[in-house]
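One file, protein18.cif, is given below (mmCIF, N, CA, C and O atoms).
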```cif
data_work
#
loop_
_atom_site.label_atom_id
_atom_site.label_comp_id
_atom_site.auth_asym_id
_atom_site.auth_seq_id
_atom_site.Cartn_x
_atom_site.Cartn_y
_atom_site.Cartn_z
N MET M 1467 161.03 66.91 68.32
CA MET M 1467 160.91 68.08 69.15
C MET M 1467 159.54 68.07 69.84
O MET M 1467 158.52 67.79 69.23
N GLN M 1468 159.53 68.36 71.14
CA GLN M 1468 158.30 68.30 71.93
C GLN M 1468 157.45 69.55 71.73
O GLN M 1468 157.93 70.67 71.73
N GLU M 1469 156.15 69.34 71.54
CA GLU M 1469 155.22 70.46 71.44
C GLU M 1469 154.98 71.04 72.83
O GLU M 1469 155.05 70.33 73.81
N THR M 1470 154.67 72.32 72.87
CA THR M 1470 154.32 72.94 74.13
C THR M 1470 152.89 72.55 74.50
O THR M 1470 152.06 72.34 73.63
N GLU M 1471 152.62 72.48 75.81
CA GLU M 1471 151.27 72.11 76.25
C GLU M 1471 150.26 73.17 75.85
O GLU M 1471 149.16 72.86 75.42
N TYR M 1472 150.64 74.43 76.02
CA TYR M 1472 149.78 75.54 75.64
C TYR M 1472 150.48 76.30 74.52
O TYR M 1472 151.55 76.87 74.71
N ARG M 1473 149.88 76.28 73.37
CA ARG M 1473 150.53 76.68 72.13
C ARG M 1473 150.69 78.17 71.92
O ARG M 1473 151.67 78.62 71.35
N TYR M 1474 149.71 78.98 72.37
CA TYR M 1474 149.71 80.40 72.00
C TYR M 1474 150.07 81.30 73.17
O TYR M 1474 149.43 81.28 74.22
N ASP M 1475 151.10 82.10 72.96
CA ASP M 1475 151.49 83.15 73.89
C ASP M 1475 150.61 84.36 73.57
O ASP M 1475 150.72 84.94 72.49
N THR M 1476 149.71 84.69 74.47
CA THR M 1476 148.71 85.73 74.24
C THR M 1476 149.00 86.92 75.14
O THR M 1476 149.10 86.76 76.36
N GLN M 1477 149.17 88.09 74.52
CA GLN M 1477 149.47 89.30 75.27
C GLN M 1477 148.58 90.44 74.76
O GLN M 1477 148.33 90.53 73.56
N LEU M 1478 148.13 91.27 75.67
CA LEU M 1478 147.30 92.40 75.29
C LEU M 1478 147.19 93.39 76.44
O LEU M 1478 147.55 93.08 77.57
N LEU M 1479 146.67 94.56 76.11
CA LEU M 1479 146.33 95.56 77.11
C LEU M 1479 144.83 95.76 77.10
O LEU M 1479 144.21 95.74 76.04
N ILE M 1480 144.27 95.96 78.28
CA ILE M 1480 142.85 96.29 78.44
C ILE M 1480 142.78 97.70 79.02
O ILE M 1480 143.38 97.96 80.07
N GLU M 1481 142.06 98.57 78.33
CA GLU M 1481 141.83 99.91 78.85
C GLU M 1481 140.35 100.03 79.20
O GLU M 1481 139.49 99.69 78.39
N GLY M 1482 140.07 100.45 80.42
CA GLY M 1482 138.68 100.55 80.85
C GLY M 1482 138.57 101.36 82.13
O GLY M 1482 139.47 102.12 82.47
N GLU M 1483 137.49 101.15 82.83
CA GLU M 1483 137.25 101.85 84.09
C GLU M 1483 137.03 100.83 85.20
O GLU M 1483 136.39 99.80 84.99
N ASN M 1484 137.57 101.12 86.36
CA ASN M 1484 137.38 100.27 87.54
C ASN M 1484 137.80 98.82 87.29
O ASN M 1484 137.12 97.89 87.74
N LEU M 1485 138.90 98.63 86.55
CA LEU M 1485 139.42 97.29 86.32
C LEU M 1485 140.07 96.77 87.60
O LEU M 1485 140.70 97.52 88.34
N ASP M 1486 139.92 95.50 87.85
CA ASP M 1486 140.45 94.87 89.06
C ASP M 1486 141.37 93.73 88.63
O ASP M 1486 140.90 92.68 88.19
N GLU M 1487 142.67 93.95 88.74
CA GLU M 1487 143.62 92.95 88.25
C GLU M 1487 143.47 91.60 88.94
O GLU M 1487 143.59 90.56 88.31
N ASP M 1488 143.15 91.60 90.22
CA ASP M 1488 142.97 90.32 90.93
C ASP M 1488 141.75 89.57 90.42
O ASP M 1488 141.80 88.36 90.21
N ALA M 1489 140.65 90.28 90.22
CA ALA M 1489 139.42 89.64 89.72
C ALA M 1489 139.63 89.13 88.30
O ALA M 1489 139.17 88.03 87.96
N ILE M 1490 140.33 89.88 87.47
CA ILE M 1490 140.60 89.46 86.09
C ILE M 1490 141.49 88.23 86.10
O ILE M 1490 141.24 87.25 85.40
N HIS M 1491 142.54 88.26 86.91
CA HIS M 1491 143.46 87.12 87.04
C HIS M 1491 142.68 85.87 87.45
O HIS M 1491 142.81 84.81 86.84
N ASP M 1492 141.87 86.01 88.49
CA ASP M 1492 141.12 84.85 89.00
C ASP M 1492 140.14 84.32 87.95
O ASP M 1492 140.01 83.11 87.78
N TYR M 1493 139.44 85.22 87.24
CA TYR M 1493 138.48 84.78 86.23
C TYR M 1493 139.18 84.00 85.12
O TYR M 1493 138.71 82.92 84.72
N ILE M 1494 140.29 84.52 84.63
CA ILE M 1494 141.03 83.83 83.56
C ILE M 1494 141.51 82.47 84.05
O ILE M 1494 141.35 81.45 83.38
N GLU M 1495 142.10 82.45 85.23
CA GLU M 1495 142.62 81.20 85.79
C GLU M 1495 141.53 80.15 85.98
O GLU M 1495 141.75 78.96 85.75
N GLU M 1496 140.34 80.58 86.39
CA GLU M 1496 139.25 79.64 86.67
C GLU M 1496 138.48 79.21 85.42
O GLU M 1496 137.83 78.17 85.43
N ASN M 1497 138.53 79.99 84.33
CA ASN M 1497 137.67 79.74 83.18
C ASN M 1497 138.38 79.35 81.90
O ASN M 1497 137.73 78.92 80.95
N PHE M 1498 139.69 79.51 81.85
CA PHE M 1498 140.45 79.17 80.63
C PHE M 1498 141.66 78.33 81.01
O PHE M 1498 142.37 78.66 81.97
N GLN M 1499 141.91 77.28 80.25
CA GLN M 1499 143.08 76.45 80.51
C GLN M 1499 144.32 77.14 79.96
O GLN M 1499 144.30 77.70 78.87
N GLY M 1500 145.39 77.10 80.74
CA GLY M 1500 146.64 77.71 80.31
C GLY M 1500 147.62 77.80 81.46
O GLY M 1500 147.41 77.23 82.53
N ASP M 1501 148.71 78.53 81.23
CA ASP M 1501 149.70 78.75 82.27
C ASP M 1501 150.43 80.07 82.03
O ASP M 1501 150.16 80.77 81.06
N CYS M 1502 151.33 80.38 82.94
CA CYS M 1502 152.14 81.61 82.88
C CYS M 1502 151.28 82.87 82.85
O CYS M 1502 151.59 83.82 82.14
N LEU M 1503 150.22 82.89 83.64
CA LEU M 1503 149.31 84.03 83.65
C LEU M 1503 149.91 85.22 84.39
O LEU M 1503 150.43 85.07 85.49
N LEU M 1504 149.81 86.37 83.75
CA LEU M 1504 150.20 87.63 84.35
C LEU M 1504 149.09 88.62 84.05
O LEU M 1504 148.70 88.79 82.89
N ALA M 1505 148.54 89.24 85.08
CA ALA M 1505 147.53 90.29 84.93
C ALA M 1505 147.93 91.40 85.89
O ALA M 1505 147.78 91.26 87.10
N VAL M 1506 148.50 92.47 85.35
CA VAL M 1506 149.00 93.56 86.19
C VAL M 1506 148.57 94.90 85.65
O VAL M 1506 148.36 95.07 84.45
N GLY M 1507 148.43 95.84 86.56
CA GLY M 1507 148.10 97.20 86.15
C GLY M 1507 147.30 97.91 87.21
O GLY M 1507 147.31 97.54 88.39
N GLY M 1508 146.55 98.91 86.75
CA GLY M 1508 145.74 99.73 87.65
C GLY M 1508 144.29 99.64 87.27
O GLY M 1508 143.88 98.77 86.50
N ASP M 1509 143.50 100.57 87.79
CA ASP M 1509 142.06 100.49 87.56
C ASP M 1509 141.63 100.95 86.17
O ASP M 1509 140.47 100.79 85.80
N ASP M 1510 142.56 101.49 85.37
CA ASP M 1510 142.20 101.91 84.01
C ASP M 1510 143.01 101.23 82.91
O ASP M 1510 142.71 101.38 81.74
N LEU M 1511 144.03 100.45 83.29
CA LEU M 1511 144.86 99.76 82.28
C LEU M 1511 145.45 98.49 82.89
O LEU M 1511 146.11 98.54 83.93
N ILE M 1512 145.20 97.36 82.24
CA ILE M 1512 145.70 96.06 82.69
C ILE M 1512 146.46 95.40 81.54
O ILE M 1512 145.97 95.36 80.41
N LYS M 1513 147.63 94.85 81.85
CA LYS M 1513 148.38 94.05 80.87
C LYS M 1513 148.11 92.58 81.19
O LYS M 1513 148.21 92.15 82.33
N ILE M 1514 147.80 91.83 80.14
CA ILE M 1514 147.57 90.38 80.24
C ILE M 1514 148.65 89.65 79.46
O ILE M 1514 148.98 90.03 78.33
N HIS M 1515 149.19 88.61 80.06
CA HIS M 1515 150.09 87.68 79.38
C HIS M 1515 149.63 86.29 79.80
O HIS M 1515 149.48 86.02 80.99
N TYR M 1516 149.38 85.41 78.80
CA TYR M 1516 148.85 84.08 79.13
C TYR M 1516 149.19 83.11 78.01
O TYR M 1516 149.09 83.44 76.84
N HIS M 1517 149.58 81.91 78.41
CA HIS M 1517 149.80 80.82 77.45
C HIS M 1517 148.55 79.95 77.45
O HIS M 1517 148.16 79.44 78.51
N THR M 1518 147.94 79.77 76.29
CA THR M 1518 146.68 79.03 76.19
C THR M 1518 146.54 78.41 74.80
O THR M 1518 147.26 78.81 73.87
N ASN M 1519 145.64 77.48 74.66
CA ASN M 1519 145.34 76.92 73.35
C ASN M 1519 144.14 77.62 72.70
O ASN M 1519 143.81 77.33 71.55
N GLU M 1520 143.49 78.50 73.43
CA GLU M 1520 142.29 79.18 72.93
C GLU M 1520 142.37 80.69 73.18
O GLU M 1520 141.60 81.26 73.97
N PRO M 1521 143.29 81.36 72.51
CA PRO M 1521 143.47 82.79 72.76
C PRO M 1521 142.24 83.62 72.42
O PRO M 1521 141.98 84.64 73.03
N TRP M 1522 141.45 83.16 71.45
CA TRP M 1522 140.26 83.91 71.04
C TRP M 1522 139.26 84.02 72.19
O TRP M 1522 138.57 85.02 72.32
N ASP M 1523 139.18 83.00 73.06
CA ASP M 1523 138.27 83.07 74.20
C ASP M 1523 138.76 84.09 75.23
O ASP M 1523 137.97 84.82 75.82
N VAL M 1524 140.07 84.12 75.44
CA VAL M 1524 140.65 85.11 76.36
C VAL M 1524 140.41 86.52 75.81
O VAL M 1524 140.02 87.42 76.55
N LEU M 1525 140.62 86.70 74.51
CA LEU M 1525 140.40 88.02 73.90
C LEU M 1525 138.94 88.44 74.03
O LEU M 1525 138.64 89.61 74.33
N LYS M 1526 138.03 87.52 73.82
CA LYS M 1526 136.61 87.83 73.92
C LYS M 1526 136.26 88.28 75.34
O LYS M 1526 135.54 89.26 75.54
N TYR M 1527 136.76 87.57 76.33
CA TYR M 1527 136.52 87.96 77.71
C TYR M 1527 137.10 89.34 78.00
O TYR M 1527 136.42 90.21 78.56
N CYS M 1528 138.34 89.55 77.62
CA CYS M 1528 139.00 90.83 77.89
C CYS M 1528 138.27 91.98 77.20
O CYS M 1528 138.16 93.07 77.76
N ARG M 1529 137.74 91.74 76.02
CA ARG M 1529 136.99 92.78 75.30
C ARG M 1529 135.73 93.15 76.06
O ARG M 1529 135.28 94.29 75.99
N SER M 1530 135.18 92.23 76.82
CA SER M 1530 133.98 92.53 77.60
C SER M 1530 134.28 93.49 78.75
O SER M 1530 133.35 94.07 79.32
N LEU M 1531 135.56 93.66 79.07
CA LEU M 1531 135.96 94.52 80.19
C LEU M 1531 136.29 95.94 79.76
O LEU M 1531 136.32 96.85 80.58
N GLY M 1532 136.61 96.11 78.48
CA GLY M 1532 137.01 97.42 77.98
C GLY M 1532 137.61 97.30 76.60
O GLY M 1532 137.47 96.28 75.93
N GLU M 1533 138.31 98.33 76.18
CA GLU M 1533 138.96 98.32 74.87
C GLU M 1533 140.26 97.53 74.97
O GLU M 1533 141.03 97.71 75.91
N ILE M 1534 140.48 96.63 74.02
CA ILE M 1534 141.73 95.86 74.01
C ILE M 1534 142.59 96.34 72.85
O ILE M 1534 142.10 96.69 71.79
N PHE M 1535 143.92 96.36 73.10
CA PHE M 1535 144.85 96.80 72.06
C PHE M 1535 146.23 96.23 72.35
O PHE M 1535 146.43 95.55 73.35
N ASP M 1536 147.17 96.53 71.45
CA ASP M 1536 148.52 95.94 71.51
C ASP M 1536 148.43 94.42 71.67
O ASP M 1536 149.11 93.81 72.48
N ILE M 1537 147.57 93.82 70.85
CA ILE M 1537 147.31 92.38 70.91
C ILE M 1537 148.40 91.63 70.16
O ILE M 1537 148.69 91.93 69.00
N VAL M 1538 149.00 90.66 70.84
CA VAL M 1538 150.01 89.80 70.24
C VAL M 1538 149.64 88.36 70.57
O VAL M 1538 149.47 88.02 71.74
N VAL M 1539 149.49 87.53 69.54
CA VAL M 1539 149.28 86.10 69.73
C VAL M 1539 150.35 85.39 68.92
O VAL M 1539 150.36 85.49 67.70
N GLU M 1540 151.26 84.73 69.62
CA GLU M 1540 152.35 84.04 68.95
C GLU M 1540 152.23 82.54 69.14
O GLU M 1540 151.89 82.07 70.23
N ASP M 1541 152.52 81.81 68.10
CA ASP M 1541 152.46 80.35 68.10
C ASP M 1541 153.80 79.82 68.61
O ASP M 1541 154.78 79.77 67.86
N MET M 1542 153.85 79.43 69.86
CA MET M 1542 155.10 78.97 70.46
C MET M 1542 155.56 77.63 69.90
O MET M 1542 156.75 77.35 69.89
N ASP M 1543 154.64 76.81 69.41
CA ASP M 1543 155.02 75.55 68.78
C ASP M 1543 155.83 75.82 67.51
O ASP M 1543 156.87 75.22 67.29
N ARG M 1544 155.34 76.75 66.70
CA ARG M 1544 156.09 77.12 65.49
C ARG M 1544 157.46 77.71 65.84
O ARG M 1544 158.46 77.39 65.21
N GLN M 1545 157.48 78.56 66.86
CA GLN M 1545 158.73 79.18 67.27
C GLN M 1545 159.74 78.13 67.72
O GLN M 1545 160.93 78.23 67.41
N SER M 1546 159.27 77.10 68.44
CA SER M 1546 160.17 76.06 68.93
C SER M 1546 160.77 75.25 67.78
O SER M 1546 161.80 74.62 67.93
N ARG M 1547 160.10 75.28 66.61
CA ARG M 1547 160.63 74.60 65.43
C ARG M 1547 161.45 75.53 64.55
O ARG M 1547 161.80 75.18 63.42
N GLY M 1548 161.73 76.74 65.08
CA GLY M 1548 162.54 77.67 64.33
C GLY M 1548 161.79 78.45 63.26
O GLY M 1548 162.41 79.06 62.38
N LEU M 1549 160.46 78.42 63.31
CA LEU M 1549 159.64 79.12 62.32
C LEU M 1549 159.11 80.41 62.93
O LEU M 1549 159.05 80.56 64.15
N LYS M 1550 158.67 81.31 62.08
CA LYS M 1550 158.10 82.55 62.57
C LYS M 1550 156.77 82.23 63.27
O LYS M 1550 155.92 81.53 62.74
N GLY M 1551 156.61 82.76 64.51
CA GLY M 1551 155.44 82.47 65.33
C GLY M 1551 154.27 83.31 64.99
O GLY M 1551 153.17 83.10 65.36
#
```

When written as structure tokens, how does the structure in this file appear?
Amino acid sequence: MQETEYRYDTQLLIEGENLDEDAIHDYIEENFQGDCLLAVGGDDLIKIHYHTNEPWDVLKYCRSLGEIFDIVVEDMDRQSRGLKG
């Protein structure tokens, strides 16, 4: 069975002030390796979805923008083998 290129499905919400979804999207895309990036929301709440091998770095960056919550990090490699992610 083939491993996924980016192992961790990382999802979270950022709550803050004057958040800019385009700037957040661009920063993540330029500074962290991964794929399937989604950064959507308004100026006080942004949802992030990203496949990466280093979710802790993405979480650290997002925490610098505001409060993060509803954090989900799933191991897609384990899931592809039928195991709990």

> Any idea what's packed within 7 Å of M:Ile1534, counting only N, CA, C and O atoms, ignoring anything in its chain fewer than 4 positions away? Could you give it as a list in words?
Replying inline: Leu1478, Leu1479, Ile1480, Glu1481, Leu1525, Cys1528 and Arg1529 of chain M

> In Å, how far is it from atom CA of M:Gly1500 to atom CA of M:His1515?
Replying inline: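 A separation of 10.6 Å between them.
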
>> For the strand (DSSP E) assignment from backbone DSSP, which residues of chain M qualify? Please present them as a PyMOL selection string.
In response: chain M and resi 1474-1481+1500-1507+1511-1518+1533-1541

Put those residues in a file: N, CA, C and O atoms, as a compact mmCIF listing (two decimals), in the frame of the given file.
```txt
# COMPACT_ATOMS: atom_id res chain seq x y z
N TYR M 1474 149.71 78.98 72.37
CA TYR M 1474 149.71 80.40 72.00
C TYR M 1474 150.07 81.30 73.17
O TYR M 1474 149.43 81.28 74.22
N ASP M 1475 151.10 82.10 72.96
CA ASP M 1475 151.49 83.15 73.89
C ASP M 1475 150.61 84.36 73.57
O ASP M 1475 150.72 84.94 72.49
N THR M 1476 149.71 84.69 74.47
CA THR M 1476 148.71 85.73 74.24
C THR M 1476 149.00 86.92 75.14
O THR M 1476 149.10 86.76 76.36
N GLN M 1477 149.17 88.09 74.52
CA GLN M 1477 149.47 89.30 75.27
C GLN M 1477 148.58 90.44 74.76
O GLN M 1477 148.33 90.53 73.56
N LEU M 1478 148.13 91.27 75.67
CA LEU M 1478 147.30 92.40 75.29
C LEU M 1478 147.19 93.39 76.44
O LEU M 1478 147.55 93.08 77.57
N LEU M 1479 146.67 94.56 76.11
CA LEU M 1479 146.33 95.56 77.11
C LEU M 1479 144.83 95.76 77.10
O LEU M 1479 144.21 95.74 76.04
N ILE M 1480 144.27 95.96 78.28
CA ILE M 1480 142.85 96.29 78.44
C ILE M 1480 142.78 97.70 79.02
O ILE M 1480 143.38 97.96 80.07
N GLU M 1481 142.06 98.57 78.33
CA GLU M 1481 141.83 99.91 78.85
C GLU M 1481 140.35 100.03 79.20
O GLU M 1481 139.49 99.69 78.39
N GLY M 1500 145.39 77.10 80.74
CA GLY M 1500 146.64 77.71 80.31
C GLY M 1500 147.62 77.80 81.46
O GLY M 1500 147.41 77.23 82.53
N ASP M 1501 148.71 78.53 81.23
CA ASP M 1501 149.70 78.75 82.27
C ASP M 1501 150.43 80.07 82.03
O ASP M 1501 150.16 80.77 81.06
N CYS M 1502 151.33 80.38 82.94
CA CYS M 1502 152.14 81.61 82.88
C CYS M 1502 151.28 82.87 82.85
O CYS M 1502 151.59 83.82 82.14
N LEU M 1503 150.22 82.89 83.64
CA LEU M 1503 149.31 84.03 83.65
C LEU M 1503 149.91 85.22 84.39
O LEU M 1503 150.43 85.07 85.49
N LEU M 1504 149.81 86.37 83.75
CA LEU M 1504 150.20 87.63 84.35
C LEU M 1504 149.09 88.62 84.05
O LEU M 1504 148.70 88.79 82.89
N ALA M 1505 148.54 89.24 85.08
CA ALA M 1505 147.53 90.29 84.93
C ALA M 1505 147.93 91.40 85.89
O ALA M 1505 147.78 91.26 87.10
N VAL M 1506 148.50 92.47 85.35
CA VAL M 1506 149.00 93.56 86.19
C VAL M 1506 148.57 94.90 85.65
O VAL M 1506 148.36 95.07 84.45
N GLY M 1507 148.43 95.84 86.56
CA GLY M 1507 148.10 97.20 86.15
C GLY M 1507 147.30 97.91 87.21
O GLY M 1507 147.31 97.54 88.39
N LEU M 1511 144.03 100.45 83.29
CA LEU M 1511 144.86 99.76 82.28
C LEU M 1511 145.45 98.49 82.89
O LEU M 1511 146.11 98.54 83.93
N ILE M 1512 145.20 97.36 82.24
CA ILE M 1512 145.70 96.06 82.69
C ILE M 1512 146.46 95.40 81.54
O ILE M 1512 145.97 95.36 80.41
N LYS M 1513 147.63 94.85 81.85
CA LYS M 1513 148.38 94.05 80.87
C LYS M 1513 148.11 92.58 81.19
O LYS M 1513 148.21 92.15 82.33
N ILE M 1514 147.80 91.83 80.14
CA ILE M 1514 147.57 90.38 80.24
C ILE M 1514 148.65 89.65 79.46
O ILE M 1514 148.98 90.03 78.33
N HIS M 1515 149.19 88.61 80.06
CA HIS M 1515 150.09 87.68 79.38
C HIS M 1515 149.63 86.29 79.80
O HIS M 1515 149.48 86.02 80.99
N TYR M 1516 149.38 85.41 78.80
CA TYR M 1516 148.85 84.08 79.13
C TYR M 1516 149.19 83.11 78.01
O TYR M 1516 149.09 83.44 76.84
N HIS M 1517 149.58 81.91 78.41
CA HIS M 1517 149.80 80.82 77.45
C HIS M 1517 148.55 79.95 77.45
O HIS M 1517 148.16 79.44 78.51
N THR M 1518 147.94 79.77 76.29
CA THR M 1518 146.68 79.03 76.19
C THR M 1518 146.54 78.41 74.80
O THR M 1518 147.26 78.81 73.87
N GLU M 1533 138.31 98.33 76.18
CA GLU M 1533 138.96 98.32 74.87
C GLU M 1533 140.26 97.53 74.97
O GLU M 1533 141.03 97.71 75.91
N ILE M 1534 140.48 96.63 74.02
CA ILE M 1534 141.73 95.86 74.01
C ILE M 1534 142.59 96.34 72.85
O ILE M 1534 142.10 96.69 71.79
N PHE M 1535 143.92 96.36 73.10
CA PHE M 1535 144.85 96.80 72.06
C PHE M 1535 146.23 96.23 72.35
O PHE M 1535 146.43 95.55 73.35
N ASP M 1536 147.17 96.53 71.45
CA ASP M 1536 148.52 95.94 71.51
C ASP M 1536 148.43 94.42 71.67
O ASP M 1536 149.11 93.81 72.48
N ILE M 1537 147.57 93.82 70.85
CA ILE M 1537 147.31 92.38 70.91
C ILE M 1537 148.40 91.63 70.16
O ILE M 1537 148.69 91.93 69.00
N VAL M 1538 149.00 90.66 70.84
CA VAL M 1538 150.01 89.80 70.24
C VAL M 1538 149.64 88.36 70.57
O VAL M 1538 149.47 88.02 71.74
N VAL M 1539 149.49 87.53 69.54
CA VAL M 1539 149.28 86.10 69.73
C VAL M 1539 150.35 85.39 68.92
O VAL M 1539 150.36 85.49 67.70
N GLU M 1540 151.26 84.73 69.62
CA GLU M 1540 152.35 84.04 68.95
C GLU M 1540 152.23 82.54 69.14
O GLU M 1540 151.89 82.07 70.23
N ASP M 1541 152.52 81.81 68.10
CA ASP M 1541 152.46 80.35 68.10
C ASP M 1541 153.80 79.82 68.61
O ASP M 1541 154.78 79.77 67.86
```

List the residues matched by the PyMOL selection byres ((chain M and resi 1517) around 8) in the displayed structure as a PDB file with N, CA, C and O atoms, keeping the file's coordinate frame, ordered by chain and then by residue number.
```pdb
ATOM      1  N   GLU M1471     152.620  72.480  75.810  1.00  0.00           N
ATOM      2  CA  GLU M1471     151.270  72.110  76.250  1.00  0.00           C
ATOM      3  C   GLU M1471     150.260  73.170  75.850  1.00  0.00           C
ATOM      4  O   GLU M1471     149.160  72.860  75.420  1.00  0.00           O
ATOM      5  N   TYR M1472     150.640  74.430  76.020  1.00  0.00           N
ATOM      6  CA  TYR M1472     149.780  75.540  75.640  1.00  0.00           C
ATOM      7  C   TYR M1472     150.480  76.300  74.520  1.00  0.00           C
ATOM      8  O   TYR M1472     151.550  76.870  74.710  1.00  0.00           O
ATOM      9  N   ARG M1473     149.880  76.280  73.370  1.00  0.00           N
ATOM     10  CA  ARG M1473     150.530  76.680  72.130  1.00  0.00           C
ATOM     11  C   ARG M1473     150.690  78.170  71.920  1.00  0.00           C
ATOM     12  O   ARG M1473     151.670  78.620  71.350  1.00  0.00           O
ATOM     13  N   TYR M1474     149.710  78.980  72.370  1.00  0.00           N
ATOM     14  CA  TYR M1474     149.710  80.400  72.000  1.00  0.00           C
ATOM     15  C   TYR M1474     150.070  81.300  73.170  1.00  0.00           C
ATOM     16  O   TYR M1474     149.430  81.280  74.220  1.00  0.00           O
ATOM     17  N   ASP M1475     151.100  82.100  72.960  1.00  0.00           N
ATOM     18  CA  ASP M1475     151.490  83.150  73.890  1.00  0.00           C
ATOM     19  C   ASP M1475     150.610  84.360  73.570  1.00  0.00           C
ATOM     20  O   ASP M1475     150.720  84.940  72.490  1.00  0.00           O
ATOM     21  N   THR M1476     149.710  84.690  74.470  1.00  0.00           N
ATOM     22  CA  THR M1476     148.710  85.730  74.240  1.00  0.00           C
ATOM     23  C   THR M1476     149.000  86.920  75.140  1.00  0.00           C
ATOM     24  O   THR M1476     149.100  86.760  76.360  1.00  0.00           O
ATOM     25  N   GLN M1477     149.170  88.090  74.520  1.00  0.00           N
ATOM     26  CA  GLN M1477     149.470  89.300  75.270  1.00  0.00           C
ATOM     27  C   GLN M1477     148.580  90.440  74.760  1.00  0.00           C
ATOM     28  O   GLN M1477     148.330  90.530  73.560  1.00  0.00           O
ATOM     29  N   PHE M1498     139.690  79.510  81.850  1.00  0.00           N
ATOM     30  CA  PHE M1498     140.450  79.170  80.630  1.00  0.00           C
ATOM     31  C   PHE M1498     141.660  78.330  81.010  1.00  0.00           C
ATOM     32  O   PHE M1498     142.370  78.660  81.970  1.00  0.00           O
ATOM     33  N   GLN M1499     141.910  77.280  80.250  1.00  0.00           N
ATOM     34  CA  GLN M1499     143.080  76.450  80.510  1.00  0.00           C
ATOM     35  C   GLN M1499     144.320  77.140  79.960  1.00  0.00           C
ATOM     36  O   GLN M1499     144.300  77.700  78.870  1.00  0.00           O
ATOM     37  N   GLY M1500     145.390  77.100  80.740  1.00  0.00           N
ATOM     38  CA  GLY M1500     146.640  77.710  80.310  1.00  0.00           C
ATOM     39  C   GLY M1500     147.620  77.800  81.460  1.00  0.00           C
ATOM     40  O   GLY M1500     147.410  77.230  82.530  1.00  0.00           O
ATOM     41  N   ASP M1501     148.710  78.530  81.230  1.00  0.00           N
ATOM     42  CA  ASP M1501     149.700  78.750  82.270  1.00  0.00           C
ATOM     43  C   ASP M1501     150.430  80.070  82.030  1.00  0.00           C
ATOM     44  O   ASP M1501     150.160  80.770  81.060  1.00  0.00           O
ATOM     45  N   CYS M1502     151.330  80.380  82.940  1.00  0.00           N
ATOM     46  CA  CYS M1502     152.140  81.610  82.880  1.00  0.00           C
ATOM     47  C   CYS M1502     151.280  82.870  82.850  1.00  0.00           C
ATOM     48  O   CYS M1502     151.590  83.820  82.140  1.00  0.00           O
ATOM     49  N   LEU M1503     150.220  82.890  83.640  1.00  0.00           N
ATOM     50  CA  LEU M1503     149.310  84.030  83.650  1.00  0.00           C
ATOM     51  C   LEU M1503     149.910  85.220  84.390  1.00  0.00           C
ATOM     52  O   LEU M1503     150.430  85.070  85.490  1.00  0.00           O
ATOM     53  N   LEU M1504     149.810  86.370  83.750  1.00  0.00           N
ATOM     54  CA  LEU M1504     150.200  87.630  84.350  1.00  0.00           C
ATOM     55  C   LEU M1504     149.090  88.620  84.050  1.00  0.00           C
ATOM     56  O   LEU M1504     148.700  88.790  82.890  1.00  0.00           O
ATOM     57  N   ILE M1514     147.800  91.830  80.140  1.00  0.00           N
ATOM     58  CA  ILE M1514     147.570  90.380  80.240  1.00  0.00           C
ATOM     59  C   ILE M1514     148.650  89.650  79.460  1.00  0.00           C
ATOM     60  O   ILE M1514     148.980  90.030  78.330  1.00  0.00           O
ATOM     61  N   HIS M1515     149.190  88.610  80.060  1.00  0.00           N
ATOM     62  CA  HIS M1515     150.090  87.680  79.380  1.00  0.00           C
ATOM     63  C   HIS M1515     149.630  86.290  79.800  1.00  0.00           C
ATOM     64  O   HIS M1515     149.480  86.020  80.990  1.00  0.00           O
ATOM     65  N   TYR M1516     149.380  85.410  78.800  1.00  0.00           N
ATOM     66  CA  TYR M1516     148.850  84.080  79.130  1.00  0.00           C
ATOM     67  C   TYR M1516     149.190  83.110  78.010  1.00  0.00           C
ATOM     68  O   TYR M1516     149.090  83.440  76.840  1.00  0.00           O
ATOM     69  N   THR M1518     147.940  79.770  76.290  1.00  0.00           N
ATOM     70  CA  THR M1518     146.680  79.030  76.190  1.00  0.00           C
ATOM     71  C   THR M1518     146.540  78.410  74.800  1.00  0.00           C
ATOM     72  O   THR M1518     147.260  78.810  73.870  1.00  0.00           O
ATOM     73  N   ASN M1519     145.640  77.480  74.660  1.00  0.00           N
ATOM     74  CA  ASN M1519     145.340  76.920  73.350  1.00  0.00           C
ATOM     75  C   ASN M1519     144.140  77.620  72.700  1.00  0.00           C
ATOM     76  O   ASN M1519     143.810  77.330  71.550  1.00  0.00           O
ATOM     77  N   GLU M1520     143.490  78.500  73.430  1.00  0.00           N
ATOM     78  CA  GLU M1520     142.290  79.180  72.930  1.00  0.00           C
ATOM     79  C   GLU M1520     142.370  80.690  73.180  1.00  0.00           C
ATOM     80  O   GLU M1520     141.600  81.260  73.970  1.00  0.00           O
ATOM     81  N   PRO M1521     143.290  81.360  72.510  1.00  0.00           N
ATOM     82  CA  PRO M1521     143.470  82.790  72.760  1.00  0.00           C
ATOM     83  C   PRO M1521     142.240  83.620  72.420  1.00  0.00           C
ATOM     84  O   PRO M1521     141.980  84.640  73.030  1.00  0.00           O
ATOM     85  N   GLU M1540     151.260  84.730  69.620  1.00  0.00           N
ATOM     86  CA  GLU M1540     152.350  84.040  68.950  1.00  0.00           C
ATOM     87  C   GLU M1540     152.230  82.540  69.140  1.00  0.00           C
ATOM     88  O   GLU M1540     151.890  82.070  70.230  1.00  0.00           O
TER      89      GLU M1540
END
```

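What separates atom O of M:Glu1495 from atom CA of M:Val1524 is a distance of 11.3 Å.
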
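Atom to atom, atom C of M:Asp1510 and atom C of M:Asp1523 stand 19.3 Å apart.
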
> Neighbours of stretch 1506-1508 of chain M within 9 Å (only C-alpha atoms; same-chain residues fewer than 2 positions away dropped), as a list in words?
Replying inline: Asn1484, Leu1485, Asp1486, Glu1487, Asp1488, His1491, Leu1504, Asp1510, Leu1511, Ile1512, Lys1513 and Ile1514 of chain M
